[in-house]
Amino acid sequence: MAKVRVGVIGAGSWAIASHLPNLAKHDELEYVGISRKGPEILKKISDRYGFQVASEDYRDVLNAGVDICVIGSPTGLHHEHAKAALESGA
């Protein structure tokens with residue numbers, strides 16, 4: 001069975017504390033892309049979980065061909081990010 005390709009948009013405190021550790025419990029997931037502002041923290045998170053794409057631009061995550069997308073951005077950006085994810089096919 002092929003792994004499910006996961007993207008994370010907006011790896012803020014909630015995503016770091018909850019979403020990512022819980023996703024890591026599932027071997028059937030492939031960590032494709034992650035985005036957030038702040039290159040130092042982005043690199044740490046990406047290295048820890050083995051994401052293939054790490055970018056401050058969420059569109060790079062969607063362009064990497066994710067199957068599902070976690071929206072962990074600030075609430076005011078949820079609509080924009082969720083709409084873009086759905087339009088990309090995630």
# chains A, B, ... in the order shown; residues from 1 in each chain; ligands from 1

call {"tool": "select_by_dssp", "arguments": {"residues": "chain A", "states": "strand (DSSP E)", "output": "VMD selection string"}}
result
chain A and resid 4 to 9 29 to 35 53 to 55 68 to 71

call {"tool": "residues_around", "arguments": {"residues": "His78 in chain A", "least_positions_apart": "6", "cutoff": "12 Å", "atoms": "only C-alpha atoms", "output": "ChimeraX atom specification"}}
result
/A:9-10,58,69-72,84-86

call {"tool": "write_last_selection", "arguments": {"atoms": "N, CA and C atoms", "output": "tab-separated table (two decimals), in the first residue's frame"}}
result
chain	number	residue	atom	x	y	z
A	9	ILE	N	0.89	23.02	6.69
A	9	ILE	CA	0.97	24.45	6.43
A	9	ILE	C	0.83	25.17	7.76
A	10	GLY	N	1.86	25.92	8.12
A	10	GLY	CA	1.81	26.68	9.35
A	10	GLY	C	2.13	25.84	10.57
A	58	TYR	N	3.80	28.52	1.77
A	58	TYR	CA	2.93	27.34	1.85
A	58	TYR	C	2.64	26.73	0.48
A	69	CYS	N	-3.45	17.58	3.95
A	69	CYS	CA	-2.74	18.76	4.44
A	69	CYS	C	-3.28	19.15	5.81
A	70	VAL	N	-2.38	19.31	6.76
A	70	VAL	CA	-2.73	19.83	8.08
A	70	VAL	C	-2.60	21.34	8.02
A	71	ILE	N	-3.64	22.04	8.43
A	71	ILE	CA	-3.61	23.50	8.46
A	71	ILE	C	-3.33	23.91	9.90
A	72	GLY	N	-2.10	24.33	10.16
A	72	GLY	CA	-1.70	24.73	11.50
A	72	GLY	C	-1.32	26.20	11.58
A	84	ALA	N	-6.71	26.84	-0.71
A	84	ALA	CA	-5.59	26.52	-1.61
A	84	ALA	C	-5.28	25.03	-1.58
A	85	ALA	N	-5.34	24.42	-0.40
A	85	ALA	CA	-5.08	22.97	-0.30
A	85	ALA	C	-6.13	22.18	-1.07
A	86	LEU	N	-7.38	22.54	-0.91
A	86	LEU	CA	-8.46	21.85	-1.63
A	86	LEU	C	-8.32	22.03	-3.14

call {"tool": "atom_distance", "arguments": {"atom1": "CA of Lys3 in chain A", "atom2": "CA of His79 in chain A"}}
result
26.9 Å

call {"tool": "closest_residue", "arguments": {"among": "A:Pro74, A:Asp47, A:Leu62, A:Glu56", "to": "Gly89 in chain A", "atoms": "only C-alpha atoms"}}
result
A:Leu62

call {"tool": "residues_around", "arguments": {"residues": "Lys43 in chain A", "least_positions_apart": "5", "cutoff": "9 Å", "atoms": "only C-alpha atoms", "output": "JSON list (two decimals) with N, CA and C atoms, in the first residue's frame"}}
result
[["chain", "number", "residue", "atom", "x", "y", "z"],
["A", 38, "GLY", "N", 10.09, 31.68, 9.69],
["A", 38, "GLY", "CA", 11.22, 31.46, 10.60],
["A", 38, "GLY", "C", 12.07, 30.30, 10.15],
["A", 48, "ARG", "N", 13.78, 17.03, 12.03],
["A", 48, "ARG", "CA", 13.29, 16.09, 13.05],
["A", 48, "ARG", "C", 12.32, 15.06, 12.46],
["A", 54, "ALA", "N", 10.80, 21.98, 2.79],
["A", 54, "ALA", "CA", 10.60, 22.90, 3.90],
["A", 54, "ALA", "C", 10.71, 24.31, 3.34],
["A", 55, "SER", "N", 9.65, 25.08, 3.50],
["A", 55, "SER", "CA", 9.61, 26.40, 2.87],
["A", 55, "SER", "C", 8.80, 27.37, 3.70]]

call {"tool": "residues_around", "arguments": {"residues": "Asp67 in chain A", "least_positions_apart": "3", "cutoff": "8 Å", "atoms": "only C-alpha atoms", "output": "mmCIF file with N, CA and C atoms, in the first residue's frame"}}
result
data_model
loop_
_atom_site.group_PDB
_atom_site.id
_atom_site.type_symbol
_atom_site.label_atom_id
_atom_site.label_comp_id
_atom_site.auth_asym_id
_atom_site.auth_seq_id
_atom_site.Cartn_x
_atom_site.Cartn_y
_atom_site.Cartn_z
ATOM 1 N N VAL A 4 0.541 7.661 2.461
ATOM 2 C CA VAL A 4 -0.222 8.890 2.285
ATOM 3 C C VAL A 4 0.744 10.059 2.439
ATOM 4 N N ARG A 5 0.760 10.932 1.433
ATOM 5 C CA ARG A 5 1.690 12.059 1.395
ATOM 6 C C ARG A 5 1.098 13.249 2.161
ATOM 7 N N VAL A 6 1.776 13.642 3.250
ATOM 8 C CA VAL A 6 1.271 14.665 4.159
ATOM 9 C C VAL A 6 2.026 15.978 3.990
ATOM 10 N N GLY A 7 1.266 17.057 4.003
ATOM 11 C CA GLY A 7 1.836 18.395 4.055
ATOM 12 C C GLY A 7 1.321 19.109 5.288
ATOM 13 N N GLY A 89 -5.893 19.752 -4.738
ATOM 14 C CA GLY A 89 -6.233 18.334 -4.751
ATOM 15 C C GLY A 89 -5.959 17.620 -3.448
ATOM 16 N N ALA A 90 -5.462 18.334 -2.473
ATOM 17 C CA ALA A 90 -5.197 17.717 -1.162
ATOM 18 C C ALA A 90 -6.489 17.583 -0.384
#

call {"tool": "residues_around", "arguments": {"residues": "Val61 in chain A", "least_positions_apart": "5", "cutoff": "7 Å", "atoms": "only C-alpha atoms", "output": "PyMOL selection string"}}
result
chain A and resi 7+33-35+53

call {"tool": "closest_residue", "arguments": {"among": "A:Leu42, A:Ala64, A:Ala11, A:Ala17", "to": "Glu30 in chain A", "atoms": "only C-alpha atoms"}}
result
A:Ala64

call {"tool": "atom_distance", "arguments": {"atom1": "CA of His19 in chain A", "atom2": "CA of Ser73 in chain A"}}
result
11.8 Å

call {"tool": "closest_residue", "arguments": {"among": "A:Glu87, A:Tyr49, A:Met1, A:Arg36", "to": "Pro21 in chain A", "atoms": "only C-alpha atoms"}}
result
A:Tyr49

call {"tool": "select_by_dssp", "arguments": {"residues": "range 14-61 of chain A", "states": "helix (DSSP H, G or I)", "output": "number ranges by chain"}}
result
A: 14-23, 39-49, 58-61

call {"tool": "write_last_selection", "arguments": {"atoms": "N, CA and C atoms", "output": "PDB file, in the first residue's frame"}}
result
ATOM      1  N   TRP A  14       0.802  24.995  18.120  1.00  0.00           N
ATOM      2  CA  TRP A  14      -0.182  23.913  18.214  1.00  0.00           C
ATOM      3  C   TRP A  14       0.247  22.717  17.370  1.00  0.00           C
ATOM      4  N   ALA A  15       0.720  22.977  16.167  1.00  0.00           N
ATOM      5  CA  ALA A  15       1.184  21.887  15.297  1.00  0.00           C
ATOM      6  C   ALA A  15       2.391  21.187  15.909  1.00  0.00           C
ATOM      7  N   ILE A  16       3.305  21.961  16.480  1.00  0.00           N
ATOM      8  CA  ILE A  16       4.513  21.384  17.080  1.00  0.00           C
ATOM      9  C   ILE A  16       4.157  20.539  18.301  1.00  0.00           C
ATOM     10  N   ALA A  17       3.242  21.035  19.121  1.00  0.00           N
ATOM     11  CA  ALA A  17       2.893  20.337  20.361  1.00  0.00           C
ATOM     12  C   ALA A  17       1.953  19.157  20.154  1.00  0.00           C
ATOM     13  N   SER A  18       1.110  19.216  19.129  1.00  0.00           N
ATOM     14  CA  SER A  18       0.076  18.196  18.993  1.00  0.00           C
ATOM     15  C   SER A  18       0.061  17.488  17.645  1.00  0.00           C
ATOM     16  N   HIS A  19      -0.108  18.237  16.576  1.00  0.00           N
ATOM     17  CA  HIS A  19      -0.288  17.605  15.265  1.00  0.00           C
ATOM     18  C   HIS A  19       0.903  16.742  14.858  1.00  0.00           C
ATOM     19  N   LEU A  20       2.093  17.305  14.889  1.00  0.00           N
ATOM     20  CA  LEU A  20       3.265  16.559  14.419  1.00  0.00           C
ATOM     21  C   LEU A  20       3.563  15.319  15.263  1.00  0.00           C
ATOM     22  N   PRO A  21       3.564  15.411  16.595  1.00  0.00           N
ATOM     23  CA  PRO A  21       3.805  14.196  17.379  1.00  0.00           C
ATOM     24  C   PRO A  21       2.761  13.103  17.130  1.00  0.00           C
ATOM     25  N   ASN A  22       1.516  13.498  16.905  1.00  0.00           N
ATOM     26  CA  ASN A  22       0.478  12.499  16.643  1.00  0.00           C
ATOM     27  C   ASN A  22       0.582  11.923  15.241  1.00  0.00           C
ATOM     28  N   LEU A  23       0.949  12.730  14.267  1.00  0.00           N
ATOM     29  CA  LEU A  23       1.182  12.203  12.921  1.00  0.00           C
ATOM     30  C   LEU A  23       2.330  11.198  12.934  1.00  0.00           C
ATOM     31  N   PRO A  39      13.104  30.559   9.353  1.00  0.00           N
ATOM     32  CA  PRO A  39      13.889  29.474   8.759  1.00  0.00           C
ATOM     33  C   PRO A  39      14.603  28.563   9.762  1.00  0.00           C
ATOM     34  N   GLU A  40      15.013  29.085  10.905  1.00  0.00           N
ATOM     35  CA  GLU A  40      15.738  28.243  11.867  1.00  0.00           C
ATOM     36  C   GLU A  40      14.822  27.172  12.457  1.00  0.00           C
ATOM     37  N   ILE A  41      13.648  27.584  12.907  1.00  0.00           N
ATOM     38  CA  ILE A  41      12.700  26.625  13.482  1.00  0.00           C
ATOM     39  C   ILE A  41      12.192  25.679  12.397  1.00  0.00           C
ATOM     40  N   LEU A  42      11.943  26.218  11.212  1.00  0.00           N
ATOM     41  CA  LEU A  42      11.490  25.399  10.091  1.00  0.00           C
ATOM     42  C   LEU A  42      12.481  24.277   9.809  1.00  0.00           C
ATOM     43  N   LYS A  43      13.763  24.600   9.783  1.00  0.00           N
ATOM     44  CA  LYS A  43      14.790  23.581   9.523  1.00  0.00           C
ATOM     45  C   LYS A  43      14.807  22.529  10.626  1.00  0.00           C
ATOM     46  N   LYS A  44      14.714  22.945  11.876  1.00  0.00           N
ATOM     47  CA  LYS A  44      14.703  21.990  12.996  1.00  0.00           C
ATOM     48  C   LYS A  44      13.539  21.011  12.885  1.00  0.00           C
ATOM     49  N   ILE A  45      12.353  21.543  12.619  1.00  0.00           N
ATOM     50  CA  ILE A  45      11.169  20.687  12.513  1.00  0.00           C
ATOM     51  C   ILE A  45      11.292  19.753  11.317  1.00  0.00           C
ATOM     52  N   SER A  46      11.715  20.310  10.195  1.00  0.00           N
ATOM     53  CA  SER A  46      11.857  19.512   8.978  1.00  0.00           C
ATOM     54  C   SER A  46      12.850  18.376   9.173  1.00  0.00           C
ATOM     55  N   ASP A  47      13.981  18.682   9.780  1.00  0.00           N
ATOM     56  CA  ASP A  47      14.997  17.657  10.034  1.00  0.00           C
ATOM     57  C   ASP A  47      14.488  16.599  11.009  1.00  0.00           C
ATOM     58  N   ARG A  48      13.778  17.029  12.030  1.00  0.00           N
ATOM     59  CA  ARG A  48      13.291  16.089  13.049  1.00  0.00           C
ATOM     60  C   ARG A  48      12.321  15.063  12.460  1.00  0.00           C
ATOM     61  N   TYR A  49      11.433  15.519  11.586  1.00  0.00           N
ATOM     62  CA  TYR A  49      10.406  14.630  11.050  1.00  0.00           C
ATOM     63  C   TYR A  49      10.720  14.114   9.650  1.00  0.00           C
ATOM     64  N   TYR A  58       3.802  28.515   1.769  1.00  0.00           N
ATOM     65  CA  TYR A  58       2.927  27.336   1.846  1.00  0.00           C
ATOM     66  C   TYR A  58       2.638  26.726   0.479  1.00  0.00           C
ATOM     67  N   ARG A  59       2.705  27.520  -0.570  1.00  0.00           N
ATOM     68  CA  ARG A  59       2.431  27.000  -1.915  1.00  0.00           C
ATOM     69  C   ARG A  59       3.450  25.952  -2.338  1.00  0.00           C
ATOM     70  N   ASP A  60       4.674  26.044  -1.806  1.00  0.00           N
ATOM     71  CA  ASP A  60       5.685  25.024  -2.114  1.00  0.00           C
ATOM     72  C   ASP A  60       5.273  23.660  -1.569  1.00  0.00           C
ATOM     73  N   VAL A  61       4.607  23.648  -0.436  1.00  0.00           N
ATOM     74  CA  VAL A  61       4.102  22.396   0.144  1.00  0.00           C
ATOM     75  C   VAL A  61       3.038  21.801  -0.775  1.00  0.00           C
TER      76      VAL A  61
END

call {"tool": "closest_residue", "arguments": {"among": "A:Ile68, A:Ser13, A:Ser88, A:Asn63", "to": "Leu29 in chain A", "atoms": "only C-alpha atoms"}}
result
A:Ile68

call {"tool": "atom_distance", "arguments": {"atom1": "CA of Gln52 in chain A", "atom2": "CA of Ala82 in chain A"}}
result
20.9 Å
